[in-house]
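> Next up, query02.cif (mmCIF, C-alpha atoms (C1' of nucleotides)).
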data_coords
loop_
_atom_site.group_PDB
_atom_site.id
_atom_site.type_symbol
_atom_site.label_atom_id
_atom_site.label_comp_id
_atom_site.auth_asym_id
_atom_site.auth_seq_id
_atom_site.Cartn_x
_atom_site.Cartn_y
_atom_site.Cartn_z
ATOM 1 C CA MET A 1 0.000 0.000 0.000
ATOM 2 C CA ALA A 2 2.755 2.445 0.850
ATOM 3 C CA LEU A 3 4.128 4.043 -2.257
ATOM 4 C CA LYS A 4 7.748 3.330 -3.062
ATOM 5 C CA TYR A 5 9.910 5.448 -5.267
ATOM 6 C CA SER A 6 10.748 4.113 -8.683
ATOM 7 C CA ARG A 7 13.034 5.674 -11.211
ATOM 8 C CA GLN A 8 10.634 4.669 -13.976
ATOM 9 C CA ARG A 9 7.768 6.572 -12.384
ATOM 10 C CA GLN A 10 9.994 9.598 -11.991
ATOM 11 C CA VAL A 11 11.077 9.517 -15.615
ATOM 12 C CA ILE A 12 7.471 9.178 -16.792
ATOM 13 C CA LYS A 13 6.305 12.126 -14.742
ATOM 14 C CA ASP A 14 9.327 14.224 -15.740
ATOM 15 C CA PHE A 15 8.640 13.558 -19.388
ATOM 16 C CA LEU A 16 4.968 14.411 -19.088
ATOM 17 C CA MET A 17 5.821 17.714 -17.458
ATOM 18 C CA THR A 18 7.806 18.756 -20.509
ATOM 19 C CA ARG A 19 4.822 18.291 -22.818
ATOM 20 C CA LYS A 20 1.809 20.481 -23.370
ATOM 21 C CA ASP A 21 0.174 18.314 -26.027
ATOM 22 C CA HIS A 22 -1.503 15.716 -23.803
ATOM 23 C CA PRO A 23 0.253 12.583 -25.056
ATOM 24 C CA THR A 24 -1.112 9.047 -24.956
ATOM 25 C CA ALA A 25 0.470 6.195 -23.011
ATOM 26 C CA ASP A 26 2.069 4.935 -26.192
ATOM 27 C CA THR A 27 3.645 8.306 -26.948
ATOM 28 C CA VAL A 28 4.979 8.466 -23.404
ATOM 29 C CA TYR A 29 6.400 4.978 -23.855
ATOM 30 C CA MET A 30 8.114 5.817 -27.159
ATOM 31 C CA ASN A 31 9.765 8.900 -25.710
ATOM 32 C CA VAL A 32 10.696 7.584 -22.309
ATOM 33 C CA ARG A 33 12.478 4.677 -23.970
ATOM 34 C CA ASN A 34 15.129 7.066 -25.238
ATOM 35 C CA GLU A 35 16.177 7.664 -21.680
ATOM 36 C CA TYR A 36 15.182 4.324 -20.234
ATOM 37 C CA PRO A 37 15.546 1.750 -23.043
ATOM 38 C CA ASN A 38 13.976 -1.288 -21.457
ATOM 39 C CA ILE A 39 11.094 0.202 -19.585
ATOM 40 C CA SER A 40 8.013 -1.824 -20.384
ATOM 41 C CA LEU A 41 4.750 -0.552 -21.802
ATOM 42 C CA GLY A 42 2.913 -2.073 -18.848
ATOM 43 C CA THR A 43 4.983 -0.005 -16.469
ATOM 44 C CA VAL A 44 4.074 3.137 -18.371
ATOM 45 C CA TYR A 45 0.369 2.287 -18.196
ATOM 46 C CA ARG A 46 0.517 1.317 -14.544
ATOM 47 C CA ASN A 47 2.312 4.482 -13.521
ATOM 48 C CA LEU A 48 0.174 6.816 -15.587
ATOM 49 C CA SER A 49 -2.889 5.288 -13.955
ATOM 50 C CA LEU A 50 -1.331 5.475 -10.521
ATOM 51 C CA LEU A 51 -0.265 9.079 -10.940
ATOM 52 C CA ALA A 52 -3.752 9.953 -12.146
ATOM 53 C CA ASP A 53 -5.330 8.153 -9.193
ATOM 54 C CA ILE A 54 -3.268 10.055 -6.638
ATOM 55 C CA GLY A 55 -3.930 13.320 -8.460
ATOM 56 C CA GLU A 56 -0.428 14.108 -9.666
ATOM 57 C CA ILE A 57 -1.511 14.105 -13.287
ATOM 58 C CA GLN A 58 -4.821 14.208 -15.126
ATOM 59 C CA ARG A 59 -6.299 11.519 -17.345
ATOM 60 C CA LEU A 60 -8.231 12.910 -20.293
ATOM 61 C CA ARG A 61 -10.706 10.982 -22.371
ATOM 62 C CA PHE A 62 -11.933 12.466 -25.618
ATOM 63 C CA ASP A 63 -13.731 10.551 -28.311
ATOM 64 C CA ASP A 64 -10.752 9.078 -30.112
ATOM 65 C CA GLY A 65 -10.961 6.130 -27.764
ATOM 66 C CA VAL A 66 -7.432 6.558 -26.392
ATOM 67 C CA ASP A 67 -6.507 7.978 -23.023
ATOM 68 C CA HIS A 68 -4.473 11.167 -22.949
ATOM 69 C CA PHE A 69 -2.477 12.464 -20.012
ATOM 70 C CA ASP A 70 -1.754 15.937 -18.745
ATOM 71 C CA ALA A 71 0.754 16.981 -16.086
ATOM 72 C CA ASP A 72 -1.197 20.195 -15.548
ATOM 73 C CA THR A 73 -3.641 19.312 -12.797
ATOM 74 C CA SER A 74 -5.164 22.755 -12.484
ATOM 75 C CA ALA A 75 -8.788 23.092 -13.546
ATOM 76 C CA HIS A 76 -8.797 24.002 -17.203
ATOM 77 C CA TYR A 77 -10.591 23.083 -20.397
ATOM 78 C CA HIS A 78 -9.576 21.438 -23.628
ATOM 79 C CA PHE A 79 -10.257 21.847 -27.288
ATOM 80 C CA VAL A 80 -9.893 19.000 -29.790
ATOM 81 C CA CYS A 81 -9.416 19.822 -33.471
ATOM 82 C CA THR A 82 -11.636 17.500 -35.488
ATOM 83 C CA GLN A 83 -9.324 17.848 -38.465
ATOM 84 C CA CYS A 84 -5.758 17.502 -37.203
ATOM 85 C CA GLY A 85 -6.544 15.918 -33.847
ATOM 86 C CA GLN A 86 -4.535 18.444 -31.904
ATOM 87 C CA ILE A 87 -5.523 19.037 -28.293
ATOM 88 C CA ILE A 88 -5.212 22.604 -27.053
ATOM 89 C CA ASP A 89 -5.595 24.163 -23.619
ATOM 90 C CA LEU A 90 -8.217 26.877 -23.517
ATOM 91 C CA LYS A 91 -7.746 30.035 -21.516
ATOM 92 C CA MET A 92 -11.180 30.705 -20.121
ATOM 93 C CA ASP A 93 -13.080 31.292 -16.921
ATOM 94 C CA SER A 94 -14.389 28.475 -14.765
ATOM 95 C CA LEU A 95 -17.596 26.792 -15.853
ATOM 96 C CA ASP A 96 -18.387 25.542 -12.369
ATOM 97 C CA HIS A 97 -21.704 27.387 -12.376
ATOM 98 C CA ILE A 98 -23.058 24.659 -14.649
ATOM 99 C CA ILE A 99 -23.027 22.336 -11.646
ATOM 100 C CA ASP A 100 -25.633 24.527 -9.974
ATOM 101 C CA MET A 101 -27.632 24.583 -13.179
ATOM 102 C CA ALA A 102 -27.560 20.799 -13.301
ATOM 103 C CA GLU A 103 -28.278 20.269 -9.643
ATOM 104 C CA ALA A 104 -31.469 22.361 -9.690
ATOM 105 C CA GLY A 105 -34.287 19.840 -9.769
ATOM 106 C CA PHE A 106 -32.001 16.820 -9.597
ATOM 107 C CA ALA A 107 -32.430 14.363 -6.744
ATOM 108 C CA GLY A 108 -28.823 13.198 -6.571
ATOM 109 C CA GLU A 109 -25.558 14.894 -5.755
ATOM 110 C CA ILE A 110 -23.415 16.229 -8.547
ATOM 111 C CA GLN A 111 -19.728 16.004 -7.728
ATOM 112 C CA GLY A 112 -18.139 17.045 -10.974
ATOM 113 C CA TYR A 113 -18.401 17.320 -14.718
ATOM 114 C CA VAL A 114 -16.450 16.634 -17.853
ATOM 115 C CA THR A 115 -16.388 19.210 -20.628
ATOM 116 C CA TYR A 116 -14.373 19.631 -23.762
ATOM 117 C CA PHE A 117 -14.853 21.583 -26.949
ATOM 118 C CA HIS A 118 -14.287 20.591 -30.562
ATOM 119 C CA GLY A 119 -14.062 22.254 -33.947
ATOM 120 C CA LEU A 120 -11.252 23.627 -36.089
ATOM 121 C CA CYS A 121 -8.023 24.863 -34.579
ATOM 122 C CA GLY A 122 -6.477 28.124 -35.746
ATOM 123 C CA ASN A 123 -4.314 26.465 -38.361
ATOM 124 C CA CYS A 124 -6.930 24.161 -39.842
ATOM 125 C CA LYS A 125 -9.403 27.032 -39.968
ATOM 126 C CA LYS A 126 -6.948 29.048 -42.067
ATOM 127 C CA VAL A 127 -6.112 26.150 -44.382
ATOM 128 C CA ASN A 128 -9.800 25.498 -44.982
ATOM 129 C CA LEU A 129 -10.531 28.985 -46.316
ATOM 130 C CA MET B 130 -23.898 4.693 -50.928
ATOM 131 C CA ALA B 131 -27.686 4.936 -51.089
ATOM 132 C CA LEU B 132 -29.192 3.639 -47.902
ATOM 133 C CA LYS B 133 -31.306 0.520 -48.228
ATOM 134 C CA TYR B 134 -33.876 -0.577 -45.720
ATOM 135 C CA SER B 135 -33.040 -3.531 -43.547
ATOM 136 C CA ARG B 136 -35.287 -5.231 -41.058
ATOM 137 C CA GLN B 137 -32.354 -5.582 -38.687
ATOM 138 C CA ARG B 138 -31.731 -1.847 -38.648
ATOM 139 C CA GLN B 139 -35.418 -1.227 -38.030
ATOM 140 C CA VAL B 140 -35.506 -3.628 -35.107
ATOM 141 C CA ILE B 141 -32.400 -2.047 -33.578
ATOM 142 C CA LYS B 142 -33.816 1.455 -33.817
ATOM 143 C CA ASP B 143 -37.230 0.338 -32.549
ATOM 144 C CA PHE B 144 -35.627 -1.289 -29.541
ATOM 145 C CA LEU B 145 -33.501 1.732 -28.758
ATOM 146 C CA MET B 146 -36.571 3.947 -28.813
ATOM 147 C CA THR B 147 -38.153 1.901 -26.041
ATOM 148 C CA ARG B 148 -35.226 2.509 -23.693
ATOM 149 C CA LYS B 149 -34.293 5.531 -21.670
ATOM 150 C CA ASP B 150 -31.200 4.045 -20.036
ATOM 151 C CA HIS B 151 -28.698 4.561 -22.871
ATOM 152 C CA PRO B 152 -27.742 0.931 -23.510
ATOM 153 C CA THR B 153 -24.461 -0.303 -24.953
ATOM 154 C CA ALA B 154 -24.147 -2.188 -28.238
ATOM 155 C CA ASP B 155 -23.951 -5.438 -26.338
ATOM 156 C CA THR B 156 -27.162 -4.728 -24.428
ATOM 157 C CA VAL B 157 -28.893 -3.877 -27.682
ATOM 158 C CA TYR B 158 -27.608 -7.151 -29.132
ATOM 159 C CA MET B 159 -28.843 -9.232 -26.194
ATOM 160 C CA ASN B 160 -32.298 -7.750 -26.350
ATOM 161 C CA VAL B 161 -32.763 -7.629 -30.077
ATOM 162 C CA ARG B 162 -31.895 -11.317 -30.283
ATOM 163 C CA ASN B 163 -35.179 -12.132 -28.563
ATOM 164 C CA GLU B 164 -37.001 -10.833 -31.586
ATOM 165 C CA TYR B 165 -34.350 -11.599 -34.178
ATOM 166 C CA PRO B 166 -32.444 -14.650 -32.949
ATOM 167 C CA ASN B 167 -29.624 -14.797 -35.445
ATOM 168 C CA ILE B 168 -28.803 -11.171 -35.872
ATOM 169 C CA SER B 169 -25.055 -10.776 -35.539
ATOM 170 C CA LEU B 170 -23.186 -8.537 -33.139
ATOM 171 C CA GLY B 171 -21.362 -6.951 -36.073
ATOM 172 C CA THR B 172 -24.685 -5.931 -37.577
ATOM 173 C CA VAL B 173 -25.691 -4.278 -34.330
ATOM 174 C CA TYR B 174 -22.421 -2.340 -34.190
ATOM 175 C CA ARG B 175 -22.587 -1.367 -37.858
ATOM 176 C CA ASN B 176 -26.139 -0.097 -37.621
ATOM 177 C CA LEU B 177 -25.691 1.757 -34.367
ATOM 178 C CA SER B 178 -22.714 3.540 -35.917
ATOM 179 C CA LEU B 179 -24.599 4.222 -39.107
ATOM 180 C CA LEU B 180 -27.651 5.553 -37.305
ATOM 181 C CA ALA B 181 -25.410 7.787 -35.200
ATOM 182 C CA ASP B 182 -23.601 9.058 -38.311
ATOM 183 C CA ILE B 183 -26.820 10.064 -40.025
ATOM 184 C CA GLY B 184 -28.110 11.651 -36.839
ATOM 185 C CA GLU B 185 -31.012 9.339 -36.093
ATOM 186 C CA ILE B 186 -29.535 8.381 -32.742
ATOM 187 C CA GLN B 187 -26.818 9.731 -30.485
ATOM 188 C CA ARG B 188 -23.597 8.028 -29.518
ATOM 189 C CA LEU B 189 -22.523 8.795 -25.961
ATOM 190 C CA ARG B 190 -19.068 8.268 -24.577
ATOM 191 C CA PHE B 191 -18.518 8.485 -20.835
ATOM 192 C CA ASP B 192 -15.473 7.247 -19.028
ATOM 193 C CA ASP B 193 -16.401 3.604 -18.677
ATOM 194 C CA GLY B 194 -14.762 3.013 -22.057
ATOM 195 C CA VAL B 195 -17.909 1.610 -23.676
ATOM 196 C CA ASP B 196 -20.126 3.409 -26.147
ATOM 197 C CA HIS B 197 -23.706 4.089 -25.129
ATOM 198 C CA PHE B 198 -26.562 4.916 -27.467
ATOM 199 C CA ASP B 199 -29.575 7.174 -27.114
ATOM 200 C CA ALA B 200 -32.592 7.389 -29.417
ATOM 201 C CA ASP B 201 -33.299 10.868 -28.058
ATOM 202 C CA THR B 202 -31.418 13.162 -30.423
ATOM 203 C CA SER B 203 -32.567 16.391 -28.837
ATOM 204 C CA ALA B 204 -29.909 18.463 -27.086
ATOM 205 C CA HIS B 205 -29.838 17.347 -23.489
ATOM 206 C CA TYR B 206 -27.324 16.489 -20.800
ATOM 207 C CA HIS B 207 -26.427 13.360 -18.927
ATOM 208 C CA PHE B 208 -25.503 12.384 -15.419
ATOM 209 C CA VAL B 209 -23.478 9.270 -14.609
ATOM 210 C CA CYS B 210 -23.684 7.784 -11.123
ATOM 211 C CA THR B 211 -20.175 6.884 -10.028
ATOM 212 C CA GLN B 212 -21.552 4.242 -7.685
ATOM 213 C CA CYS B 213 -24.221 2.292 -9.589
ATOM 214 C CA GLY B 214 -23.223 3.354 -13.092
ATOM 215 C CA GLN B 215 -26.717 4.501 -13.990
ATOM 216 C CA ILE B 216 -27.016 7.155 -16.683
ATOM 217 C CA ILE B 217 -29.777 9.702 -16.190
ATOM 218 C CA ASP B 218 -31.128 12.464 -18.417
ATOM 219 C CA LEU B 219 -30.946 15.867 -16.783
ATOM 220 C CA LYS B 220 -33.694 18.412 -17.175
ATOM 221 C CA MET B 221 -31.846 21.683 -17.432
ATOM 222 C CA ASP B 222 -31.408 24.728 -19.629
ATOM 223 C CA SER B 223 -29.016 24.816 -22.551
ATOM 224 C CA LEU B 224 -25.347 25.361 -21.800
ATOM 225 C CA ASP B 225 -24.586 26.696 -25.248
ATOM 226 C CA HIS B 226 -23.335 29.969 -23.798
ATOM 227 C CA ILE B 227 -20.159 28.137 -22.809
ATOM 228 C CA ILE B 228 -19.221 28.074 -26.498
ATOM 229 C CA ASP B 229 -19.010 31.854 -26.471
ATOM 230 C CA MET B 230 -16.982 31.723 -23.284
ATOM 231 C CA ALA B 231 -14.559 29.303 -24.903
ATOM 232 C CA GLU B 232 -14.360 31.131 -28.204
ATOM 233 C CA ALA B 233 -13.347 34.429 -26.635
ATOM 234 C CA GLY B 234 -9.614 34.678 -27.192
ATOM 235 C CA PHE B 235 -9.372 31.428 -29.129
ATOM 236 C CA ALA B 236 -7.986 31.516 -32.655
ATOM 237 C CA GLY B 237 -9.923 28.531 -33.996
ATOM 238 C CA GLU B 238 -13.591 27.851 -34.543
ATOM 239 C CA ILE B 239 -15.546 25.994 -31.900
ATOM 240 C CA GLN B 240 -18.259 23.848 -33.400
ATOM 241 C CA GLY B 241 -19.538 21.969 -30.391
ATOM 242 C CA TYR B 242 -18.842 20.597 -26.957
ATOM 243 C CA VAL B 243 -19.279 17.490 -24.889
ATOM 244 C CA THR B 244 -20.472 17.757 -21.309
ATOM 245 C CA TYR B 245 -21.674 15.295 -18.760
ATOM 246 C CA PHE B 246 -21.992 15.337 -14.999
ATOM 247 C CA HIS B 247 -21.112 12.736 -12.420
ATOM 248 C CA GLY B 248 -21.722 12.049 -8.748
ATOM 249 C CA LEU B 249 -24.291 10.101 -6.750
ATOM 250 C CA CYS B 250 -27.760 9.463 -8.099
ATOM 251 C CA GLY B 251 -30.807 9.923 -5.864
ATOM 252 C CA ASN B 252 -30.844 6.303 -4.743
ATOM 253 C CA CYS B 253 -27.141 5.914 -4.037
ATOM 254 C CA LYS B 254 -27.139 9.218 -2.153
ATOM 255 C CA LYS B 255 -29.866 7.898 0.135
ATOM 256 C CA VAL B 256 -28.175 4.538 0.679
ATOM 257 C CA ASN B 257 -24.908 6.247 1.563
ATOM 258 C CA LEU B 258 -26.365 8.240 4.441
ATOM 259 C "C1'" DT C 259 25.328 -1.158 7.439
ATOM 260 C "C1'" DC C 260 22.661 -5.252 6.601
ATOM 261 C "C1'" DC C 261 17.898 -7.627 6.577
ATOM 262 C "C1'" DC C 262 13.796 -8.436 4.549
ATOM 263 C "C1'" DA C 263 8.952 -7.494 3.768
ATOM 264 C "C1'" DT C 264 6.753 -5.480 0.108
ATOM 265 C "C1'" DA C 265 6.336 -2.485 -3.761
ATOM 266 C "C1'" DA C 266 7.627 -2.230 -8.513
ATOM 267 C "C1'" DT C 267 9.337 -3.958 -12.817
ATOM 268 C "C1'" DA C 268 9.935 -6.520 -17.412
ATOM 269 C "C1'" DG C 269 8.026 -9.350 -20.453
ATOM 270 C "C1'" DT C 270 4.333 -11.548 -22.045
ATOM 271 C "C1'" DA C 271 -0.318 -13.393 -22.131
ATOM 272 C "C1'" DA C 272 -5.106 -12.269 -21.772
ATOM 273 C "C1'" DT C 273 -9.143 -9.328 -22.223
ATOM 274 C "C1'" DG C 274 -12.774 -6.903 -24.312
ATOM 275 C "C1'" DA C 275 -14.870 -3.582 -27.204
ATOM 276 C "C1'" DT C 276 -14.983 -2.652 -31.796
ATOM 277 C "C1'" DT C 277 -13.887 -3.162 -36.694
ATOM 278 C "C1'" DC C 278 -12.817 -5.791 -40.736
ATOM 279 C "C1'" DC C 279 -13.447 -9.565 -44.111
ATOM 280 C "C1'" DT C 280 -16.043 -12.443 -47.314
ATOM 281 C "C1'" DA C 281 -19.365 -15.404 -49.140
ATOM 282 C "C1'" DT C 282 -24.280 -15.091 -49.248
ATOM 283 C "C1'" DT C 283 -28.731 -12.790 -49.049
ATOM 284 C "C1'" DT C 284 -31.796 -8.812 -49.414
ATOM 285 C "C1'" DT C 285 -33.391 -4.572 -51.305
ATOM 286 C "C1'" DA C 286 -35.251 -1.614 -54.824
ATOM 287 C "C1'" DA C 287 -34.765 0.738 -59.214
ATOM 288 C "C1'" DA C 288 -35.235 0.035 -64.124
ATOM 289 C "C1'" DT D 289 -38.197 -9.935 -63.586
ATOM 290 C "C1'" DT D 290 -33.509 -8.662 -63.657
ATOM 291 C "C1'" DT D 291 -29.653 -7.121 -61.448
ATOM 292 C "C1'" DA D 292 -26.363 -3.897 -59.325
ATOM 293 C "C1'" DA D 293 -25.651 -2.230 -54.942
ATOM 294 C "C1'" DA D 294 -26.302 -2.548 -50.069
ATOM 295 C "C1'" DA D 295 -26.624 -5.370 -46.070
ATOM 296 C "C1'" DT D 296 -26.019 -9.501 -43.430
ATOM 297 C "C1'" DA D 297 -23.965 -13.550 -40.580
ATOM 298 C "C1'" DG D 298 -20.234 -15.430 -38.735
ATOM 299 C "C1'" DG D 299 -15.855 -15.313 -37.639
ATOM 300 C "C1'" DA D 300 -11.172 -13.382 -37.723
ATOM 301 C "C1'" DA D 301 -8.385 -9.404 -36.728
ATOM 302 C "C1'" DT D 302 -7.181 -5.117 -34.246
ATOM 303 C "C1'" DC D 303 -5.738 -2.373 -30.658
ATOM 304 C "C1'" DA D 304 -5.701 -0.154 -26.211
ATOM 305 C "C1'" DT D 305 -5.437 -1.642 -21.826
ATOM 306 C "C1'" DT D 306 -5.036 -4.865 -17.930
ATOM 307 C "C1'" DA D 307 -3.500 -9.119 -15.679
ATOM 308 C "C1'" DC D 308 -0.028 -12.481 -14.472
ATOM 309 C "C1'" DT D 309 4.422 -14.006 -12.673
ATOM 310 C "C1'" DA D 310 9.098 -14.517 -11.798
ATOM 311 C "C1'" DT D 311 12.618 -11.244 -10.654
ATOM 312 C "C1'" DT D 312 14.517 -6.867 -8.903
ATOM 313 C "C1'" DA D 313 14.523 -2.521 -6.282
ATOM 314 C "C1'" DT D 314 13.208 0.244 -2.278
ATOM 315 C "C1'" DG D 315 13.436 1.743 2.443
ATOM 316 C "C1'" DG D 316 12.403 1.237 7.436
ATOM 317 C "C1'" DG D 317 14.182 -1.047 11.453
ATOM 318 C "C1'" DA D 318 17.719 -3.938 14.071
#
Is it possible to express this structure as structure tokens?


Amino acid sequence: MALKYSRQRQVIKDFLMTRKDHPTADTVYMNVRNEYPNISLGTVYRNLSLLADIGEIQRLRFDDGVDHFDADTSAHYHFVCTQCGQIIDLKMDSLDHIIDMAEAGFAGEIQGYVTYFHGLCGNCKKVNL
Amino acid sequence: MALKYSRQRQVIKDFLMTRKDHPTADTVYMNVRNEYPNISLGTVYRNLSLLADIGEIQRLRFDDGVDHFDADTSAHYHFVCTQCGQIIDLKMDSLDHIIDMAEAGFAGEIQGYVTYFHGLCGNCKKVNL
DNA sequence: TCCCATAATAGTAATGATTCCTATTTTAAA
DNA sequence: TTTAAAATAGGAATCATTACTATTATGGGA
């Protein structure tokens, strides 16, 4: 139960902190192998899950069916470009008021929400003109 | 390319319209087999995807990693109970204003968003007291 | 510093949802 | 009625993720 340090976990987290593009487990694996050649894919998955569970990173699930990971654990929102697939952080105010909107007239207890936006990113919008 | 009628597709859509609990492809398969014993799972998947693509049903993706389907194509929001897994339709006003919030200061073009809420449903909240 | 219980790993097998493949059947327009 | 195109059944293939297991690494206490 007690967490023990592992160099692999450290390397995974360090790598994720250098990236702002919300990589998948496989991308993390590919890159971390440069520095740690015989790390196993299972170890990458296990540690990404673990880090997400203890709140050190965020697991993101869009509709491409693959998990993405983000070292930025602050509350923020994401945009997914439907053309190039790029995932971009949005600078915008909190949407937490939608919890109150949802809770009005609902018998249960709302503890959180998942929101992301999609459309064309700046580049793809230009190219499509 | 031209769509042709198929009894299987009809049965799938008819079944989905009787349900308000957003079943998965497998649940649709299990149930539809009562009426159509040798329909194949592939046919269920193909038609659910097709119906979603042409907008006759909605495909919903929460974080259980399985696609859910909804015959109600009107804009509405969903709640997922983290305890019992139940998916409930929420009666609430449109959140479309969050598109404007997101678009302010964003270079691309936002075309839509995905939002769902999670927490404890009415029943699980009671049981947990 | 040395033990040693236990956490973590590497490597690989297993899982499970979904998609793909192909021979056969169904649909619907001419 | 003919027939080209669309759809199906059944099963194989895919692919992200998790599980399994023998081995190795970590770290608190003597």

> Could you produce a table of the residues of region 25-128 of chain A lying within 9 Å of region 268-274 of chain C, with the nearest pair of atoms per residue and their separation in Å rounded to one decimal, using only C-alpha atoms (C1' of nucleotides), ordered by chain and increasing residue number, as JSON lines?


{"residue": "A:Asn38", "atom": "CA", "partner": "C:DA268", "partner_atom": "C1'", "distance": 7.8}
{"residue": "A:Ile39", "atom": "CA", "partner": "C:DA268", "partner_atom": "C1'", "distance": 7.2}
{"residue": "A:Ser40", "atom": "CA", "partner": "C:DA268", "partner_atom": "C1'", "distance": 5.9}
{"residue": "A:Gly42", "atom": "CA", "partner": "C:DA268", "partner_atom": "C1'", "distance": 8.4}
{"residue": "A:Thr43", "atom": "CA", "partner": "C:DA268", "partner_atom": "C1'", "distance": 8.2}

> Go through region 185-246 of chain B residue by residue and, counting all atoms listed in the file, keep those with an atom at most 10 Å from region 74-91 of chain A; for each kept residue give the shortest atom pair and its distance in Å to one decimal, ordered by chain and increasing number, as a tab-separated table.


residue	atom	partner	partner_atom	distance
B:Met230	CA	A:Lys91	CA	9.6
B:Ala231	CA	A:Leu90	CA	6.9
B:Glu232	CA	A:Leu90	CA	8.8
B:Ala233	CA	A:Lys91	CA	8.8
B:Gly234	CA	A:Lys91	CA	7.6
B:Phe235	CA	A:Leu90	CA	7.3
B:Gly237	CA	A:Cys81	CA	8.7
B:Glu238	CA	A:Cys81	CA	9.1
B:Ile239	CA	A:Phe79	CA	8.2
B:Gln240	CA	A:Thr82	CA	9.4
B:Gly241	CA	A:Phe79	CA	9.8
B:Tyr242	CA	A:Phe79	CA	8.7

> To one decimal place in Å, what is the distance between CA of Asp96 (chain A) and CA of Ala200 (chain B)?

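These atoms are spaced 28.7 Å apart.
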
> Do you know which residues are at most 10 Å from DT276 (chain C) counting all atoms listed in the file, after dropping those on the same chain fewer than 6 positions away, and could you put them as a list of chain:residue names?

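Counting all atoms listed in the file, the residues come to B:Ala154, B:Gly171, B:Tyr174, B:Arg175, B:Val195, B:Asp196, D:DT302, D:DC303.
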
> Work out how far apart CA of Ile141 (chain B) and CA of Met221 (chain B) are and give it in Å to one decimal.

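Straight-line distance from CA of Ile141 (chain B) to CA of Met221 (chain B) works out to 28.7 Å.
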
> Report, in Å to a single decimal, how far apart CA of Asp70 (chain A) and CA of Leu16 (chain A) are.

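Result for CA of Leu16 (chain A) versus CA of Asp70 (chain A): 6.9 Å, one decimal.
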
> Using all atoms listed in the file, collect all residues at a distance of at most 8 Å from (-7.5, -6.0, -40.0) as written in the file, then present them as a list in words.

DT277 and DC278 of chain C; DA301 and DT302 of chain D

> Given the PyMOL selection byres ((chain B and resi 132) around 12) and the file above, list the residues it selects as a PDB file with C-alpha atoms (C1' of nucleotides), keeping the file's coordinate frame.


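Produced file out.pdb, reproduced below:
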ATOM      1  CA  MET B 130     -23.898   4.693 -50.928  1.00  0.00           C
ATOM      2  CA  ALA B 131     -27.686   4.936 -51.089  1.00  0.00           C
ATOM      3  CA  LYS B 133     -31.306   0.520 -48.228  1.00  0.00           C
ATOM      4  CA  TYR B 134     -33.876  -0.577 -45.720  1.00  0.00           C
ATOM      5  CA  SER B 135     -33.040  -3.531 -43.547  1.00  0.00           C
ATOM      6  CA  ARG B 138     -31.731  -1.847 -38.648  1.00  0.00           C
ATOM      7  CA  ASN B 176     -26.139  -0.097 -37.621  1.00  0.00           C
ATOM      8  CA  LEU B 179     -24.599   4.222 -39.107  1.00  0.00           C
ATOM      9  CA  LEU B 180     -27.651   5.553 -37.305  1.00  0.00           C
ATOM     10  CA  ILE B 183     -26.820  10.064 -40.025  1.00  0.00           C
TER      11      ILE B 183
ATOM     12  C1'  DT C 285     -33.391  -4.572 -51.305  1.00  0.00           C
ATOM     13  C1'  DA C 286     -35.251  -1.614 -54.824  1.00  0.00           C
TER      14       DA C 286
ATOM     15  C1'  DA D 293     -25.651  -2.230 -54.942  1.00  0.00           C
ATOM     16  C1'  DA D 294     -26.302  -2.548 -50.069  1.00  0.00           C
ATOM     17  C1'  DA D 295     -26.624  -5.370 -46.070  1.00  0.00           C
TER      18       DA D 295
END

> What would region 205-214 of chain B look like with N, CA and C atoms restored, written as a tab-separated table (two decimals), in the coordinates of the input?


chain	number	residue	atom	x	y	z
B	205	HIS	N	-29.59	17.48	-24.92
B	205	HIS	CA	-29.84	17.35	-23.49
B	205	HIS	C	-28.57	16.82	-22.83
B	206	TYR	N	-28.55	16.81	-21.52
B	206	TYR	CA	-27.32	16.49	-20.80
B	206	TYR	C	-27.50	15.24	-19.96
B	207	HIS	N	-26.38	14.63	-19.64
B	207	HIS	CA	-26.43	13.36	-18.93
B	207	HIS	C	-25.67	13.41	-17.62
B	208	PHE	N	-26.14	12.56	-16.71
B	208	PHE	CA	-25.50	12.38	-15.42
B	208	PHE	C	-25.14	10.92	-15.28
B	209	VAL	N	-23.92	10.64	-14.83
B	209	VAL	CA	-23.48	9.27	-14.61
B	209	VAL	C	-23.24	9.06	-13.12
B	210	CYS	N	-23.90	8.08	-12.54
B	210	CYS	CA	-23.68	7.78	-11.12
B	210	CYS	C	-22.39	6.99	-10.98
B	211	THR	N	-21.48	7.53	-10.17
B	211	THR	CA	-20.18	6.88	-10.03
B	211	THR	C	-20.28	5.61	-9.19
B	212	GLN	N	-21.41	5.44	-8.51
B	212	GLN	CA	-21.55	4.24	-7.68
B	212	GLN	C	-22.26	3.11	-8.42
B	213	CYS	N	-23.46	3.37	-8.95
B	213	CYS	CA	-24.22	2.29	-9.59
B	213	CYS	C	-24.08	2.30	-11.11
B	214	GLY	N	-23.46	3.34	-11.66
B	214	GLY	CA	-23.22	3.35	-13.09
B	214	GLY	C	-24.40	3.83	-13.93
